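As provided, protein_9.cif (mmCIF, C-alpha atoms and all ligand atoms) reads as follows.
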data_coords
#
loop_
_atom_site.label_atom_id
_atom_site.label_comp_id
_atom_site.auth_asym_id
_atom_site.auth_seq_id
_atom_site.Cartn_x
_atom_site.Cartn_y
_atom_site.Cartn_z
CA MET V 1 16.95 6.18 -43.02
CA SER V 2 20.66 6.29 -43.87
CA TYR V 3 22.75 7.37 -40.95
CA LYS V 4 24.99 10.30 -41.68
CA ASN V 5 26.81 11.79 -38.75
CA PRO V 6 27.13 15.57 -39.10
CA HIS V 7 29.95 15.45 -36.51
CA GLN V 8 32.19 13.90 -39.07
CA GLN V 9 31.73 16.37 -41.86
CA GLY V 10 34.78 18.29 -40.80
CA ASN V 11 32.79 21.37 -39.90
CA LYS V 12 32.18 22.88 -36.51
CA PRO V 13 31.05 20.64 -33.65
CA TRP V 14 27.53 19.35 -34.23
CA ASN V 15 27.64 21.21 -37.51
CA TYR V 16 26.83 24.36 -35.65
CA SER V 17 26.83 27.42 -37.86
CA LYS V 18 26.57 30.93 -36.52
CA GLU V 19 26.34 32.43 -39.99
CA SER V 20 23.33 30.49 -41.19
CA ARG V 21 21.92 29.99 -37.67
CA THR V 22 21.64 26.24 -38.26
CA LYS V 23 22.79 23.06 -36.51
CA GLY V 24 23.03 19.43 -37.51
CA CYS V 25 21.13 16.66 -35.69
CA PRO V 26 23.31 13.54 -35.29
CA LEU V 27 20.22 11.31 -35.12
CA CYS V 28 18.30 12.27 -38.24
CA ALA V 29 21.35 13.84 -39.94
CA ARG V 30 19.42 16.93 -40.99
CA ILE V 31 20.75 20.46 -40.92
CA LEU V 32 18.03 22.47 -39.20
CA PRO V 33 17.45 26.04 -38.02
CA TRP V 34 18.31 26.72 -34.36
CA SER V 35 14.63 26.96 -33.57
CA ALA V 36 14.30 23.19 -34.16
CA PHE V 37 16.42 22.50 -31.05
CA GLY V 38 15.53 22.77 -27.40
CA LYS V 39 17.61 24.95 -25.09
CA SER V 40 20.37 23.43 -22.97
CA ALA V 41 22.33 25.33 -20.36
CA LYS V 42 25.01 22.62 -20.27
CA ALA V 43 25.87 22.45 -23.99
CA LYS V 44 28.45 24.78 -25.50
CA THR V 45 26.09 25.61 -28.33
CA GLY V 46 23.31 26.41 -25.83
CA MET V 47 21.13 23.84 -27.59
CA GLN V 48 20.19 20.21 -27.18
CA THR V 49 22.25 17.80 -29.30
CA TYR V 50 19.22 16.19 -30.99
CA CYS V 51 16.45 18.05 -32.74
CA ASN V 52 13.04 18.39 -31.07
CA GLU V 53 11.46 15.88 -33.39
CA CYS V 54 14.07 13.22 -32.63
CA ARG V 55 13.83 13.87 -28.89
CA GLY V 56 10.05 13.60 -29.00
CA GLN V 57 10.23 10.33 -30.90
CA ARG V 58 12.81 8.91 -28.52
CA GLN V 59 10.66 9.73 -25.54
CA LYS V 60 7.61 8.20 -27.14
CA ARG V 61 9.52 5.06 -28.11
CA TYR V 62 10.93 4.75 -24.60
CA TYR V 63 7.45 4.84 -23.12
CA ILE V 64 6.07 2.30 -25.60
CA GLU V 65 9.00 -0.09 -25.17
CA ASN V 66 8.94 0.24 -21.38
CA ARG V 67 5.22 0.67 -20.87
CA ASP V 68 4.91 -2.23 -18.44
CA ARG V 69 7.98 -1.12 -16.52
CA VAL V 70 6.77 2.48 -16.33
CA ARG V 71 3.32 1.31 -15.22
CA SER V 72 4.60 -1.14 -12.64
CA ILE V 73 6.86 1.53 -11.14
CA ARG V 74 3.83 3.84 -10.87
CA ALA V 75 1.67 1.06 -9.40
CA ALA V 76 4.35 0.14 -6.88
CA SER V 77 4.62 3.70 -5.63
CA THR V 78 0.82 3.92 -5.30
CA SER V 79 0.72 0.67 -3.33
CA LYS V 80 3.56 1.85 -1.10
CA HIS V 81 1.61 5.04 -0.42
CA HIS V 82 -1.49 3.01 0.52
CA ALA V 83 0.58 0.78 2.79
CA ARG V 84 1.91 3.85 4.58
CA VAL V 85 -1.54 5.40 5.04
CA ARG V 86 -2.99 2.12 6.36
CA TRP V 87 -0.15 1.45 8.71
CA LYS V 88 -0.47 4.94 10.21
CA ASP V 89 -4.18 4.32 10.66
CA CYS V 90 -3.48 1.01 12.46
CA ARG V 91 -0.81 2.61 14.63
CA ASN V 92 -3.20 5.35 15.72
CA ARG V 93 -5.93 2.87 16.56
CA ALA V 94 -3.48 0.65 18.42
CA ARG V 95 -2.27 3.63 20.44
CA ARG V 96 -5.81 4.56 21.45
CA ARG V 97 -6.54 1.01 22.55
CA GLY V 98 -3.14 0.36 24.08
CA GLN V 99 -2.56 -2.56 21.76
CA PRO V 100 0.60 -3.67 19.99
CA VAL V 101 1.31 -2.68 16.40
CA CYS V 102 4.08 -3.99 14.16
CA SER V 103 6.75 -1.82 12.55
CA TYR V 104 6.00 -0.11 9.25
CA GLU V 105 8.57 -2.35 7.48
CA LEU V 106 6.80 -5.53 8.62
CA PHE V 107 3.41 -4.07 7.74
CA ARG V 108 4.59 -2.98 4.29
CA ASP V 109 5.89 -6.47 3.49
CA TRP V 110 2.69 -8.03 4.73
CA TYR V 111 0.60 -5.59 2.70
CA ALA V 112 2.63 -6.13 -0.50
CA ALA V 113 1.92 -9.87 -0.28
CA GLN V 114 -1.87 -9.40 0.15
CA PRO V 115 -4.36 -9.83 -2.66
CA LEU V 116 -6.65 -6.79 -2.37
CA VAL V 117 -9.78 -8.76 -1.48
CA CYS V 118 -11.87 -9.16 1.69
CA SER V 119 -10.56 -12.15 3.66
CA TYR V 120 -14.12 -13.14 4.58
CA CYS V 121 -16.33 -12.62 1.53
CA ASP V 122 -13.59 -12.28 -1.15
CA LEU V 123 -14.94 -8.88 -2.27
CA PRO V 124 -12.26 -7.07 -4.31
CA GLU V 125 -11.20 -3.64 -3.11
CA ALA V 126 -12.54 -1.95 -6.28
CA SER V 127 -16.04 -3.37 -5.51
CA SER V 128 -15.78 -2.31 -1.89
CA ILE V 129 -15.19 1.25 -3.04
CA VAL V 130 -18.20 1.07 -5.38
CA GLN V 131 -20.57 -0.62 -2.88
CA PHE V 132 -19.52 0.92 0.40
CA GLY V 133 -17.56 3.96 -0.72
CA ARG V 134 -14.61 2.67 1.27
CA ARG V 135 -11.41 0.74 0.78
CA LEU V 136 -10.82 -2.52 2.62
CA HIS V 137 -10.12 -2.18 6.35
CA VAL V 138 -7.28 -3.79 8.19
CA ASP V 139 -9.04 -6.14 10.59
CA ARG V 140 -7.62 -8.17 13.49
CA LYS V 141 -8.39 -11.87 13.74
CA GLU V 142 -7.96 -11.76 17.51
CA THR V 143 -8.89 -8.32 18.76
CA LYS V 144 -6.52 -8.41 21.75
CA VAL V 145 -3.44 -9.45 19.76
CA GLY V 146 -3.34 -6.14 17.92
CA TYR V 147 -1.95 -5.24 14.54
CA MET V 148 0.68 -7.93 14.10
CA PRO V 149 1.44 -9.96 10.97
CA GLY V 150 -0.42 -13.25 11.25
CA ASN V 151 -3.24 -11.50 13.11
CA ILE V 152 -4.17 -8.87 10.54
CA VAL V 153 -6.36 -9.45 7.49
CA LEU V 154 -8.04 -7.20 4.95
CA ALA V 155 -11.81 -6.94 5.34
CA CYS V 156 -14.60 -5.06 3.58
CA PRO V 157 -16.61 -2.63 5.77
CA ARG V 158 -19.60 -5.00 5.84
CA CYS V 159 -17.64 -8.00 7.14
CA ASN V 160 -15.64 -5.84 9.51
CA LEU V 161 -18.81 -4.37 10.97
CA THR V 162 -20.59 -7.75 11.18
CA LYS V 163 -17.71 -9.47 12.94
CA ASN V 164 -17.37 -6.60 15.39
CA GLY V 165 -15.36 -8.46 18.01
CA TYR V 166 -18.09 -11.06 18.64
CA LEU V 167 -17.20 -13.62 16.00
CA THR V 168 -13.99 -15.52 15.40
CA PHE V 169 -12.17 -15.26 12.10
CA GLU V 170 -13.41 -18.73 11.09
CA GLN V 171 -17.03 -18.02 12.06
CA MET V 172 -17.06 -14.77 10.14
CA ARG V 173 -15.47 -16.39 7.10
CA GLU V 174 -18.19 -19.08 7.15
CA ILE V 175 -21.00 -16.53 7.40
CA ALA V 176 -19.55 -14.26 4.70
CA GLN V 177 -19.00 -17.16 2.31
CA LYS V 178 -22.57 -18.33 2.92
CA TYR V 179 -24.52 -15.08 2.93
CA PHE V 180 -22.43 -12.23 1.59
CA LYS V 181 -20.51 -13.69 -1.28
CA GLY V 182 -21.78 -12.58 -4.71
CA GLY V 183 -25.47 -13.10 -3.68
CA ILE V 184 -28.46 -10.76 -3.61
CA ASN V 185 -27.19 -9.37 -0.32
CA ALA V 186 -23.88 -8.48 -1.92
ZN ZN O 201 16.83 14.94 -35.53
ZN ZN O 202 -16.27 -8.86 3.14
#
Once you've parsed the file, please lay out its structure as structure tokens.
Ligand SMILES: [Zn+2]
Ligand SMILES: [Zn+2]
Amino acid sequence: MSYKNPHQQGNKPWNYSKESRTKGCPLCARILPWSAFGKSAKAKTGMQTYCNECRGQRQKRYYIENRDRVRSIRAASTSKHHARVRWKDCRNRARRRGQPVCSYELFRDWYAAQPLVCSYCDLPEASSIVQFGRRLHVDRKETKVGYMPGNIVLACPRCNLTKNGYLTFEQMREIAQKYFKGGINA
């Protein structure tokens, strides 16, 4: 497409014509009826600079060229939301039990660095939702230490329930790896 800038044709700005009710689009260099332009309260002409078709294409191209960026921004905000919800849950539990809980900032950093799998049986979160209808829990290695980084791990509901304060982290990991992982009991 040859680029012809309607600005430079010596006519009115943007090739805006009241008489013929048309305007030029600097991107596709076409002279189009006013109806081919979106409204703009900021512009003197009351219309967007580029025609609707060009604006649509630009938006589409932006999404295609930045698909990964757009997606990762969306994923990051989802994960941040989950971190917030989980931290609040831990804080409430800690309050009830009179146990310590770390700050949200520490929790968020810890959570961002976690692979979303059960620390005992390696079950991914997506499978936990399918099998148990629940996301992974935040479990404490040592119950008394509370929700502090270094003491918290992600656990599926089955491992969390089985451990139940009676088994150590290492014992539970051994049992889950032996009996829960990927087998018939999974
Ligand atoms: Zn155009
Ligand atoms: Zn598990």
Identify, on the basis of all atoms listed in the file, every residue whose closest approach to stretch 147-154 of chain V does not exceed 10 Å; exclude the query and any residue fewer than 3 positions from it along the same chain; express the result as a PDB file with C-alpha atoms, keeping the file's coordinate frame.
ATOM      1  CA  TRP V  87      -0.150   1.450   8.710  1.00  0.00           C
ATOM      2  CA  CYS V  90      -3.480   1.010  12.460  1.00  0.00           C
ATOM      3  CA  ARG V  91      -0.810   2.610  14.630  1.00  0.00           C
ATOM      4  CA  ARG V  93      -5.930   2.870  16.560  1.00  0.00           C
ATOM      5  CA  ALA V  94      -3.480   0.650  18.420  1.00  0.00           C
ATOM      6  CA  GLN V  99      -2.560  -2.560  21.760  1.00  0.00           C
ATOM      7  CA  PRO V 100       0.600  -3.670  19.990  1.00  0.00           C
ATOM      8  CA  VAL V 101       1.310  -2.680  16.400  1.00  0.00           C
ATOM      9  CA  CYS V 102       4.080  -3.990  14.160  1.00  0.00           C
ATOM     10  CA  SER V 103       6.750  -1.820  12.550  1.00  0.00           C
ATOM     11  CA  LEU V 106       6.800  -5.530   8.620  1.00  0.00           C
ATOM     12  CA  PHE V 107       3.410  -4.070   7.740  1.00  0.00           C
ATOM     13  CA  ASP V 109       5.890  -6.470   3.490  1.00  0.00           C
ATOM     14  CA  TRP V 110       2.690  -8.030   4.730  1.00  0.00           C
ATOM     15  CA  TYR V 111       0.600  -5.590   2.700  1.00  0.00           C
ATOM     16  CA  GLN V 114      -1.870  -9.400   0.150  1.00  0.00           C
ATOM     17  CA  PRO V 115      -4.360  -9.830  -2.660  1.00  0.00           C
ATOM     18  CA  LEU V 116      -6.650  -6.790  -2.370  1.00  0.00           C
ATOM     19  CA  VAL V 117      -9.780  -8.760  -1.480  1.00  0.00           C
ATOM     20  CA  CYS V 118     -11.870  -9.160   1.690  1.00  0.00           C
ATOM     21  CA  SER V 119     -10.560 -12.150   3.660  1.00  0.00           C
ATOM     22  CA  TYR V 120     -14.120 -13.140   4.580  1.00  0.00           C
ATOM     23  CA  ASP V 122     -13.590 -12.280  -1.150  1.00  0.00           C
ATOM     24  CA  GLU V 125     -11.200  -3.640  -3.110  1.00  0.00           C
ATOM     25  CA  ARG V 135     -11.410   0.740   0.780  1.00  0.00           C
ATOM     26  CA  LEU V 136     -10.820  -2.520   2.620  1.00  0.00           C
ATOM     27  CA  HIS V 137     -10.120  -2.180   6.350  1.00  0.00           C
ATOM     28  CA  VAL V 138      -7.280  -3.790   8.190  1.00  0.00           C
ATOM     29  CA  ASP V 139      -9.040  -6.140  10.590  1.00  0.00           C
ATOM     30  CA  ARG V 140      -7.620  -8.170  13.490  1.00  0.00           C
ATOM     31  CA  LYS V 141      -8.390 -11.870  13.740  1.00  0.00           C
ATOM     32  CA  GLU V 142      -7.960 -11.760  17.510  1.00  0.00           C
ATOM     33  CA  THR V 143      -8.890  -8.320  18.760  1.00  0.00           C
ATOM     34  CA  LYS V 144      -6.520  -8.410  21.750  1.00  0.00           C
ATOM     35  CA  PRO V 157     -16.610  -2.630   5.770  1.00  0.00           C
ATOM     36  CA  CYS V 159     -17.640  -8.000   7.140  1.00  0.00           C
ATOM     37  CA  ASN V 160     -15.640  -5.840   9.510  1.00  0.00           C
ATOM     38  CA  PHE V 169     -12.170 -15.260  12.100  1.00  0.00           C
TER      39      PHE V 169
END
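The neighbours of V:Asn52 here are the residues that come within 7 Å of it, using all atoms listed in the file and leaving out any residue fewer than 4 positions away in the same chain; they are V:Ala36, V:Phe37, V:Gly38, V:Gly56.
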Go through chain V and flag each residue having an atom no more than 12 Å from ligand ZN 201 (chain O); for those, report the closest pair of atoms plus their distance in Å to one decimal, using only C-alpha atoms and all ligand atoms, ordered by chain and rising number, as a tab-separated table.
residue	atom	partner	partner_atom	distance
V:Met1	CA	O:ZN201	ZN	11.5
V:Tyr3	CA	O:ZN201	ZN	11.0
V:Lys4	CA	O:ZN201	ZN	11.2
V:Asn5	CA	O:ZN201	ZN	10.9
V:Pro6	CA	O:ZN201	ZN	10.9
V:Trp14	CA	O:ZN201	ZN	11.6
V:Lys23	CA	O:ZN201	ZN	10.1
V:Gly24	CA	O:ZN201	ZN	7.9
V:Cys25	CA	O:ZN201	ZN	4.6
V:Pro26	CA	O:ZN201	ZN	6.6
V:Leu27	CA	O:ZN201	ZN	5.0
V:Cys28	CA	O:ZN201	ZN	4.1
V:Ala29	CA	O:ZN201	ZN	6.4
V:Arg30	CA	O:ZN201	ZN	6.4
V:Ile31	CA	O:ZN201	ZN	8.7
V:Leu32	CA	O:ZN201	ZN	8.5
V:Pro33	CA	O:ZN201	ZN	11.4
V:Trp34	CA	O:ZN201	ZN	11.9
V:Ala36	CA	O:ZN201	ZN	8.7
V:Phe37	CA	O:ZN201	ZN	8.8
V:Gly38	CA	O:ZN201	ZN	11.4
V:Gln48	CA	O:ZN201	ZN	10.4
V:Thr49	CA	O:ZN201	ZN	8.7
V:Tyr50	CA	O:ZN201	ZN	5.3
V:Cys51	CA	O:ZN201	ZN	4.2
V:Asn52	CA	O:ZN201	ZN	6.8
V:Glu53	CA	O:ZN201	ZN	5.9
V:Cys54	CA	O:ZN201	ZN	4.4
V:Arg55	CA	O:ZN201	ZN	7.4
V:Gly56	CA	O:ZN201	ZN	9.5
V:Gln57	CA	O:ZN201	ZN	9.3
V:Arg58	CA	O:ZN201	ZN	10.1
Review point. From the list V:Asn164, V:Ser35, V:Met172, V:Cys121, which residue is nearest ligand ZN 202 (chain O) when using only C-alpha atoms and all ligand atoms?
Key: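 Nearest candidate to ligand ZN 202 (chain O) out of V:Asn164, V:Ser35, V:Met172, V:Cys121: V:Cys121.
In this model, the gap between atom CA of V:Thr162 and atom CA of V:Ala176 comes to 9.2 Å.
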Review point. So what do you get for atom CA of V:Glu174 versus atom CA of V:Val145, distance-wise?
Key: 21.7 Å
Review point. Between V:Arg69, V:Lys181, V:Arg173, V:Lys88, which is the closest to V:Pro124 once you count all atoms listed in the file?
Key: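 Closest to V:Pro124, using all atoms listed in the file: V:Lys181.
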Practice item. Between V:Leu167, V:Val85, V:Ala112, V:Leu123, single out the one closest to ligand ZN 202 (chain O), counting only C-alpha atoms and all ligand atoms. Key: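 Nearest to ligand ZN 202 (chain O): V:Leu123.
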Point to revise | Residue with smallest distance to ligand ZN 202 (chain O) - pool V:Gln171, V:Lys178, V:Ala41, V:Ser128, counting all atoms listed in the file | key: V:Ser128
Exercise for review: Rounded to one decimal place, report the atom CA of V:Arg86-atom CA of V:Val70 distance in Å.
Suggested key: 24.7 Å
Revision key, fill the gap. If you count all atoms listed in the file, the residue of V:Arg158, V:Arg108, V:Lys163, V:Lys80 closest to ligand ZN 202 (chain O) turns out to be V:Arg158
Check your understanding: Counting all atoms listed in the file, which of V:Thr168, V:Thr78, V:Ser127, V:Asn15 gets nearest to ligand ZN 202 (chain O)?
Key ->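 Looking at the shortest contact to ligand ZN 202 (chain O), the residue is V:Ser127.
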Could stretch 86-122 of chain V be completed with N, CA and C atoms and returned as a tab-separated table (two decimals), keeping the file's coordinate frame?
chain	number	residue	atom	x	y	z
V	86	ARG	N	-2.31	3.13	5.56
V	86	ARG	CA	-2.99	2.12	6.36
V	86	ARG	C	-2.23	1.80	7.64
V	87	TRP	N	-0.92	1.74	7.52
V	87	TRP	CA	-0.15	1.45	8.71
V	87	TRP	C	-0.33	2.57	9.75
V	88	LYS	N	-0.30	3.81	9.29
V	88	LYS	CA	-0.47	4.94	10.21
V	88	LYS	C	-1.83	4.86	10.91
V	89	ASP	N	-2.84	4.46	10.12
V	89	ASP	CA	-4.18	4.32	10.66
V	89	ASP	C	-4.20	3.24	11.76
V	90	CYS	N	-3.55	2.09	11.48
V	90	CYS	CA	-3.48	1.01	12.46
V	90	CYS	C	-2.73	1.46	13.72
V	91	ARG	N	-1.62	2.16	13.50
V	91	ARG	CA	-0.81	2.61	14.63
V	91	ARG	C	-1.63	3.53	15.54
V	92	ASN	N	-2.39	4.44	14.92
V	92	ASN	CA	-3.20	5.35	15.72
V	92	ASN	C	-4.28	4.62	16.51
V	93	ARG	N	-4.92	3.66	15.86
V	93	ARG	CA	-5.93	2.87	16.56
V	93	ARG	C	-5.32	2.07	17.70
V	94	ALA	N	-4.16	1.46	17.42
V	94	ALA	CA	-3.48	0.65	18.42
V	94	ALA	C	-3.10	1.50	19.63
V	95	ARG	N	-2.65	2.72	19.35
V	95	ARG	CA	-2.27	3.63	20.44
V	95	ARG	C	-3.47	3.93	21.34
V	96	ARG	N	-4.59	4.23	20.69
V	96	ARG	CA	-5.81	4.56	21.45
V	96	ARG	C	-6.24	3.41	22.33
V	97	ARG	N	-6.07	2.18	21.81
V	97	ARG	CA	-6.54	1.01	22.55
V	97	ARG	C	-5.45	0.37	23.40
V	98	GLY	N	-4.25	0.93	23.34
V	98	GLY	CA	-3.14	0.36	24.08
V	98	GLY	C	-2.78	-1.03	23.62
V	99	GLN	N	-2.87	-1.25	22.32
V	99	GLN	CA	-2.56	-2.56	21.76
V	99	GLN	C	-1.27	-2.51	20.96
V	100	PRO	N	-0.65	-3.68	20.77
V	100	PRO	CA	0.60	-3.67	19.99
V	100	PRO	C	0.36	-3.45	18.50
V	101	VAL	N	1.36	-2.87	17.85
V	101	VAL	CA	1.31	-2.68	16.40
V	101	VAL	C	2.71	-2.98	15.86
V	102	CYS	N	2.77	-3.63	14.71
V	102	CYS	CA	4.08	-3.99	14.16
V	102	CYS	C	4.75	-2.78	13.52
V	103	SER	N	6.02	-2.91	13.19
V	103	SER	CA	6.75	-1.82	12.55
V	103	SER	C	6.21	-1.59	11.15
V	104	TYR	N	6.47	-0.40	10.61
V	104	TYR	CA	6.00	-0.11	9.25
V	104	TYR	C	6.60	-1.10	8.25
V	105	GLU	N	7.89	-1.45	8.43
V	105	GLU	CA	8.57	-2.35	7.48
V	105	GLU	C	7.87	-3.71	7.42
V	106	LEU	N	7.51	-4.24	8.58
V	106	LEU	CA	6.80	-5.53	8.62
V	106	LEU	C	5.42	-5.40	7.96
V	107	PHE	N	4.76	-4.30	8.27
V	107	PHE	CA	3.41	-4.07	7.74
V	107	PHE	C	3.47	-3.95	6.22
V	108	ARG	N	4.46	-3.20	5.73
V	108	ARG	CA	4.59	-2.98	4.29
V	108	ARG	C	4.80	-4.31	3.56
V	109	ASP	N	5.65	-5.17	4.12
V	109	ASP	CA	5.89	-6.47	3.49
V	109	ASP	C	4.64	-7.33	3.51
V	110	TRP	N	3.93	-7.28	4.62
V	110	TRP	CA	2.69	-8.03	4.73
V	110	TRP	C	1.69	-7.53	3.68
V	111	TYR	N	1.58	-6.20	3.60
V	111	TYR	CA	0.60	-5.59	2.70
V	111	TYR	C	0.92	-5.90	1.23
V	112	ALA	N	2.21	-5.87	0.89
V	112	ALA	CA	2.63	-6.13	-0.50
V	112	ALA	C	2.27	-7.55	-0.93
V	113	ALA	N	2.20	-8.47	0.05
V	113	ALA	CA	1.92	-9.87	-0.28
V	113	ALA	C	0.42	-10.17	-0.29
V	114	GLN	N	-0.42	-9.17	0.05
V	114	GLN	CA	-1.87	-9.40	0.15
V	114	GLN	C	-2.59	-9.21	-1.17
V	115	PRO	N	-3.43	-10.16	-1.56
V	115	PRO	CA	-4.36	-9.83	-2.66
V	115	PRO	C	-5.37	-8.83	-2.09
V	116	LEU	N	-5.75	-7.83	-2.90
V	116	LEU	CA	-6.65	-6.79	-2.37
V	116	LEU	C	-8.11	-7.25	-2.41
V	117	VAL	N	-8.41	-8.26	-1.60
V	117	VAL	CA	-9.78	-8.76	-1.48
V	117	VAL	C	-10.11	-8.96	-0.01
V	118	CYS	N	-11.42	-8.92	0.32
V	118	CYS	CA	-11.87	-9.16	1.69
V	118	CYS	C	-11.55	-10.60	2.07
V	119	SER	N	-10.96	-10.81	3.23
V	119	SER	CA	-10.56	-12.15	3.66
V	119	SER	C	-11.77	-13.01	4.01
V	120	TYR	N	-12.93	-12.38	4.20
V	120	TYR	CA	-14.12	-13.14	4.58
V	120	TYR	C	-15.01	-13.44	3.38
V	121	CYS	N	-15.38	-12.40	2.62
V	121	CYS	CA	-16.33	-12.62	1.53
V	121	CYS	C	-15.68	-12.54	0.15
V	122	ASP	N	-14.37	-12.34	0.11
V	122	ASP	CA	-13.59	-12.28	-1.15
V	122	ASP	C	-13.93	-11.08	-2.03
